[in-house]
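Asks: Got a structure for you, questions after.
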Amino acid sequence: MVLHLSPEGRELMARFSRHQRSAYEFITADRPECERLEFARLMLKYVASQDALRDRSPGA
């Protein structure tokens, strides 16, 4: 079975994405570019680790 987002769901996801981008830009506005990039890299690594945790079998 494949689920698809409704137009309202796609708009909600787009708003959430814009909010995340805005928050990142606000939080890192006074940081040097190298720190902003490092922060983004570490956040992506963190999210990937969460995905791996979610995907592991129960009781592991």
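Labels used: A, B, ... for chains in the order of the structure tokens, numbers from 1 for residues in each chain, and numbers from 1 for ligands as shown.
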Where does DSSP see helix (DSSP H, G or I) in chain A, if you list the residues as a PyMOL selection string?
Replies: chain A and resi 7-27+33-55
Asks: Store the residues picked out above in a file with N, CA and C atoms, as a short mmCIF file (atom, residue, chain, number, x, y, z; two decimals), in the first residue's frame.
Replies:
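Saved the output as again-v3.cif:
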data_model
loop_
_atom_site.label_atom_id
_atom_site.label_comp_id
_atom_site.auth_asym_id
_atom_site.auth_seq_id
_atom_site.Cartn_x
_atom_site.Cartn_y
_atom_site.Cartn_z
N PRO A 7 -3.26 17.61 -0.75
CA PRO A 7 -2.72 18.96 -0.96
C PRO A 7 -2.52 19.71 0.36
N GLU A 8 -3.44 19.53 1.29
CA GLU A 8 -3.31 20.17 2.60
C GLU A 8 -2.10 19.61 3.36
N GLY A 9 -1.86 18.32 3.24
CA GLY A 9 -0.72 17.70 3.89
C GLY A 9 0.59 18.19 3.30
N ARG A 10 0.63 18.35 1.98
CA ARG A 10 1.84 18.88 1.33
C ARG A 10 2.10 20.32 1.77
N GLU A 11 1.04 21.12 1.89
CA GLU A 11 1.20 22.50 2.34
C GLU A 11 1.69 22.54 3.79
N LEU A 12 1.18 21.66 4.63
CA LEU A 12 1.63 21.59 6.02
C LEU A 12 3.11 21.24 6.08
N MET A 13 3.54 20.27 5.28
CA MET A 13 4.94 19.89 5.24
C MET A 13 5.80 21.06 4.74
N ALA A 14 5.32 21.79 3.75
CA ALA A 14 6.06 22.94 3.23
C ALA A 14 6.18 24.04 4.30
N ARG A 15 5.10 24.29 5.03
CA ARG A 15 5.15 25.29 6.10
C ARG A 15 6.13 24.87 7.19
N PHE A 16 6.10 23.59 7.55
CA PHE A 16 7.02 23.08 8.56
C PHE A 16 8.46 23.24 8.10
N SER A 17 8.73 22.93 6.84
CA SER A 17 10.07 23.07 6.28
C SER A 17 10.53 24.53 6.32
N ARG A 18 9.63 25.45 5.94
CA ARG A 18 9.97 26.87 5.98
C ARG A 18 10.25 27.32 7.41
N HIS A 19 9.47 26.82 8.36
CA HIS A 19 9.67 27.16 9.77
C HIS A 19 11.03 26.66 10.25
N GLN A 20 11.37 25.42 9.89
CA GLN A 20 12.67 24.87 10.29
C GLN A 20 13.81 25.70 9.72
N ARG A 21 13.72 26.08 8.46
CA ARG A 21 14.76 26.88 7.82
C ARG A 21 14.89 28.23 8.51
N SER A 22 13.75 28.85 8.81
CA SER A 22 13.76 30.14 9.49
C SER A 22 14.39 30.02 10.87
N ALA A 23 14.05 28.98 11.61
CA ALA A 23 14.62 28.77 12.94
C ALA A 23 16.14 28.57 12.85
N TYR A 24 16.59 27.76 11.91
CA TYR A 24 18.02 27.53 11.72
C TYR A 24 18.73 28.85 11.42
N GLU A 25 18.17 29.64 10.51
CA GLU A 25 18.80 30.91 10.15
C GLU A 25 18.84 31.86 11.34
N PHE A 26 17.79 31.90 12.14
CA PHE A 26 17.76 32.77 13.32
C PHE A 26 18.78 32.32 14.36
N ILE A 27 18.79 31.02 14.64
CA ILE A 27 19.67 30.48 15.68
C ILE A 27 21.14 30.63 15.32
N GLU A 33 30.25 31.08 8.99
CA GLU A 33 29.74 30.09 8.02
C GLU A 33 30.23 28.67 8.33
N CYS A 34 31.50 28.52 8.72
CA CYS A 34 32.03 27.18 8.99
C CYS A 34 31.28 26.54 10.17
N GLU A 35 30.89 27.31 11.18
CA GLU A 35 30.13 26.76 12.30
C GLU A 35 28.71 26.42 11.88
N ARG A 36 28.11 27.25 11.03
CA ARG A 36 26.75 26.96 10.54
C ARG A 36 26.74 25.64 9.77
N LEU A 37 27.75 25.45 8.93
CA LEU A 37 27.82 24.21 8.14
C LEU A 37 28.07 23.00 9.04
N GLU A 38 28.91 23.16 10.03
CA GLU A 38 29.19 22.06 10.96
C GLU A 38 27.94 21.71 11.77
N PHE A 39 27.22 22.72 12.21
CA PHE A 39 25.97 22.50 12.95
C PHE A 39 24.98 21.73 12.07
N ALA A 40 24.83 22.16 10.84
CA ALA A 40 23.91 21.48 9.92
C ALA A 40 24.34 20.03 9.70
N ARG A 41 25.64 19.81 9.52
CA ARG A 41 26.15 18.45 9.32
C ARG A 41 25.84 17.57 10.53
N LEU A 42 26.07 18.11 11.73
CA LEU A 42 25.80 17.33 12.94
C LEU A 42 24.31 17.06 13.13
N MET A 43 23.47 18.03 12.78
CA MET A 43 22.02 17.81 12.89
C MET A 43 21.57 16.70 11.93
N LEU A 44 22.11 16.70 10.72
CA LEU A 44 21.77 15.63 9.77
C LEU A 44 22.23 14.27 10.29
N LYS A 45 23.39 14.24 10.89
CA LYS A 45 23.91 13.00 11.47
C LYS A 45 23.00 12.53 12.62
N TYR A 46 22.55 13.47 13.44
CA TYR A 46 21.64 13.16 14.54
C TYR A 46 20.33 12.57 14.01
N VAL A 47 19.76 13.19 12.98
CA VAL A 47 18.51 12.70 12.41
C VAL A 47 18.70 11.29 11.85
N ALA A 48 19.82 11.05 11.16
CA ALA A 48 20.09 9.71 10.63
C ALA A 48 20.19 8.69 11.75
N SER A 49 20.78 9.07 12.88
CA SER A 49 20.86 8.17 14.03
C SER A 49 19.49 7.86 14.59
N GLN A 50 18.61 8.86 14.62
CA GLN A 50 17.24 8.63 15.07
C GLN A 50 16.53 7.65 14.15
N ASP A 51 16.73 7.81 12.85
CA ASP A 51 16.14 6.88 11.89
C ASP A 51 16.62 5.46 12.13
N ALA A 52 17.90 5.30 12.38
CA ALA A 52 18.46 3.97 12.64
C ALA A 52 17.88 3.39 13.93
N LEU A 53 17.69 4.21 14.92
CA LEU A 53 17.11 3.75 16.19
C LEU A 53 15.67 3.29 15.98
N ARG A 54 14.92 4.05 15.20
CA ARG A 54 13.53 3.71 14.93
C ARG A 54 13.42 2.40 14.14
N ASP A 55 14.37 2.19 13.23
CA ASP A 55 14.32 1.03 12.33
C ASP A 55 14.81 -0.27 12.96
#
